[in-house]
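Enquirer: Okay, here's the structure, questions in a sec.
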Amino acid sequence: MISIPPNVFIRAVAVAGMALLGGAALLSAPQDPATASAPRVIAVVAKRFTFQPSKIDVWEGERIRLVVSSADGVHGVQIKKFRVNKLVPRGGETVNIDFVASTAGTYEILCSEECGEGHDSMSGTLVVTAKPNPQ
Ligand SMILES: [Cu+2]
């Protein structure tokens, strides 16, 4: 029978343990911010009877997060093409609206909550521009 000196055994366990820790650290390493697909965050304020900004420009395929708050009463944000329809409460609390601008085009941003006399004319514009082909 081969006997292993205790100090060698301990050293082997320590090395194996560090290798495991190293592997785990690699797996949980944060993504490079340049390649992470974080959404583009756009703050929008809804107020009688406009959205500000009234025109939002994004690229086709971009992940978008609208962070919407109301400057007065309850409003709604609707972009039919991207199945967006969310209430924005009174009081300034923000609502996150996440979607992917998957198709190029010009789309209406509508208020989906009856908010007063100018409600029917309360709209904004989302312009989704196709990315130029890389040559
Ligand atoms: Cu409205």
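Residues in the structure tokens are numbered from 1 in each chain, the chains being A, B, ... in the order shown, and ligands are numbered from 1 in the order shown.
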Any chance you could tabulate, as JSON lines, the residues of chain A at most 8 Å from ligand 1 with each one's nearest atom pair and distance in Å to one decimal, using only C-alpha atoms and all ligand atoms, in chain and rising number order?
Expert:
```
{"residue": "A:Arg48", "atom": "CA", "partner": "ligand 1", "partner_atom_place_in_ligand_line": "1 (Cu)", "distance": 7.4}
{"residue": "A:Phe49", "atom": "CA", "partner": "ligand 1", "partner_atom_place_in_ligand_line": "1 (Cu)", "distance": 7.0}
{"residue": "A:Val74", "atom": "CA", "partner": "ligand 1", "partner_atom_place_in_ligand_line": "1 (Cu)", "distance": 7.8}
{"residue": "A:His75", "atom": "CA", "partner": "ligand 1", "partner_atom_place_in_ligand_line": "1 (Cu)", "distance": 5.3}
{"residue": "A:Gly76", "atom": "CA", "partner": "ligand 1", "partner_atom_place_in_ligand_line": "1 (Cu)", "distance": 6.5}
{"residue": "A:Leu110", "atom": "CA", "partner": "ligand 1", "partner_atom_place_in_ligand_line": "1 (Cu)", "distance": 7.8}
{"residue": "A:Cys111", "atom": "CA", "partner": "ligand 1", "partner_atom_place_in_ligand_line": "1 (Cu)", "distance": 4.4}
{"residue": "A:Ser112", "atom": "CA", "partner": "ligand 1", "partner_atom_place_in_ligand_line": "1 (Cu)", "distance": 5.8}
{"residue": "A:Glu113", "atom": "CA", "partner": "ligand 1", "partner_atom_place_in_ligand_line": "1 (Cu)", "distance": 4.5}
{"residue": "A:Glu114", "atom": "CA", "partner": "ligand 1", "partner_atom_place_in_ligand_line": "1 (Cu)", "distance": 4.3}
{"residue": "A:Cys115", "atom": "CA", "partner": "ligand 1", "partner_atom_place_in_ligand_line": "1 (Cu)", "distance": 3.9}
{"residue": "A:Gly116", "atom": "CA", "partner": "ligand 1", "partner_atom_place_in_ligand_line": "1 (Cu)", "distance": 6.5}
{"residue": "A:Gly118", "atom": "CA", "partner": "ligand 1", "partner_atom_place_in_ligand_line": "1 (Cu)", "distance": 7.3}
{"residue": "A:His119", "atom": "CA", "partner": "ligand 1", "partner_atom_place_in_ligand_line": "1 (Cu)", "distance": 4.0}
{"residue": "A:Asp120", "atom": "CA", "partner": "ligand 1", "partner_atom_place_in_ligand_line": "1 (Cu)", "distance": 6.8}
{"residue": "A:Met122", "atom": "CA", "partner": "ligand 1", "partner_atom_place_in_ligand_line": "1 (Cu)", "distance": 6.2}
```
Enquirer: Keeping only C-alpha atoms, write the selected residues to a file as a tab-separated table (two decimals), in the first residue's frame.
Expert:
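After the write, selection.tsv holds the following:
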```
chain	number	residue	atom	x	y	z
A	48	ARG	CA	-52.31	66.49	-21.43
A	49	PHE	CA	-52.14	66.12	-24.40
A	74	VAL	CA	-53.66	58.84	-15.87
A	75	HIS	CA	-52.52	58.20	-19.42
A	76	GLY	CA	-51.81	55.14	-21.49
A	110	LEU	CA	-51.23	56.68	-28.85
A	111	CYS	CA	-52.71	57.48	-25.50
A	112	SER	CA	-54.91	54.52	-24.62
A	113	GLU	CA	-56.61	56.09	-21.63
A	114	GLU	CA	-59.38	58.67	-21.99
A	115	CYS	CA	-57.65	61.63	-20.37
A	116	GLY	CA	-59.70	64.66	-21.31
A	118	GLY	CA	-57.52	66.59	-26.14
A	119	HIS	CA	-57.18	62.85	-25.70
A	120	ASP	CA	-58.01	62.01	-29.30
A	122	MET	CA	-52.64	62.93	-28.00
```
Enquirer: For A:Asp57, work out the shell of residues within 8 Å, counting only C-alpha atoms and skipping chain neighbours fewer than 6 positions away, then give it as a list in words.
Expert: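 Here the qualifying residues turn out to be Leu126, Val127, Val128 and Thr129 of chain A.
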Enquirer: Between atom CA of A:Arg40 and atom CA of A:Ile64, what is the distance, to one decimal in Å?
Expert: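 Computing it gives 4.9 Å between the two atoms.
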Enquirer: Go through A:Lys47, A:Lys86, A:Pro53, A:Ala38 one by one, measure the shortest atom-to-atom distance of each to A:Gly73 using only C-alpha atoms, and give the residue with the smallest value.
Expert: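 Distance minimum relative to A:Gly73 lands on A:Lys47.
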Enquirer: Could you state the separation of atom CA of A:Val77 and atom CA of A:Val41 in Å, given to one decimal place?
Expert: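 Computed distance, atom CA of A:Val77 to atom CA of A:Val41, equals 15.7 Å.
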Enquirer: Which value, in Å to one decimal, gives the distance between atom CA of A:Lys81 and atom CA of A:Glu93?
Expert: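 Interatomic distance, atom CA of A:Lys81 to atom CA of A:Glu93: 25.3 Å.
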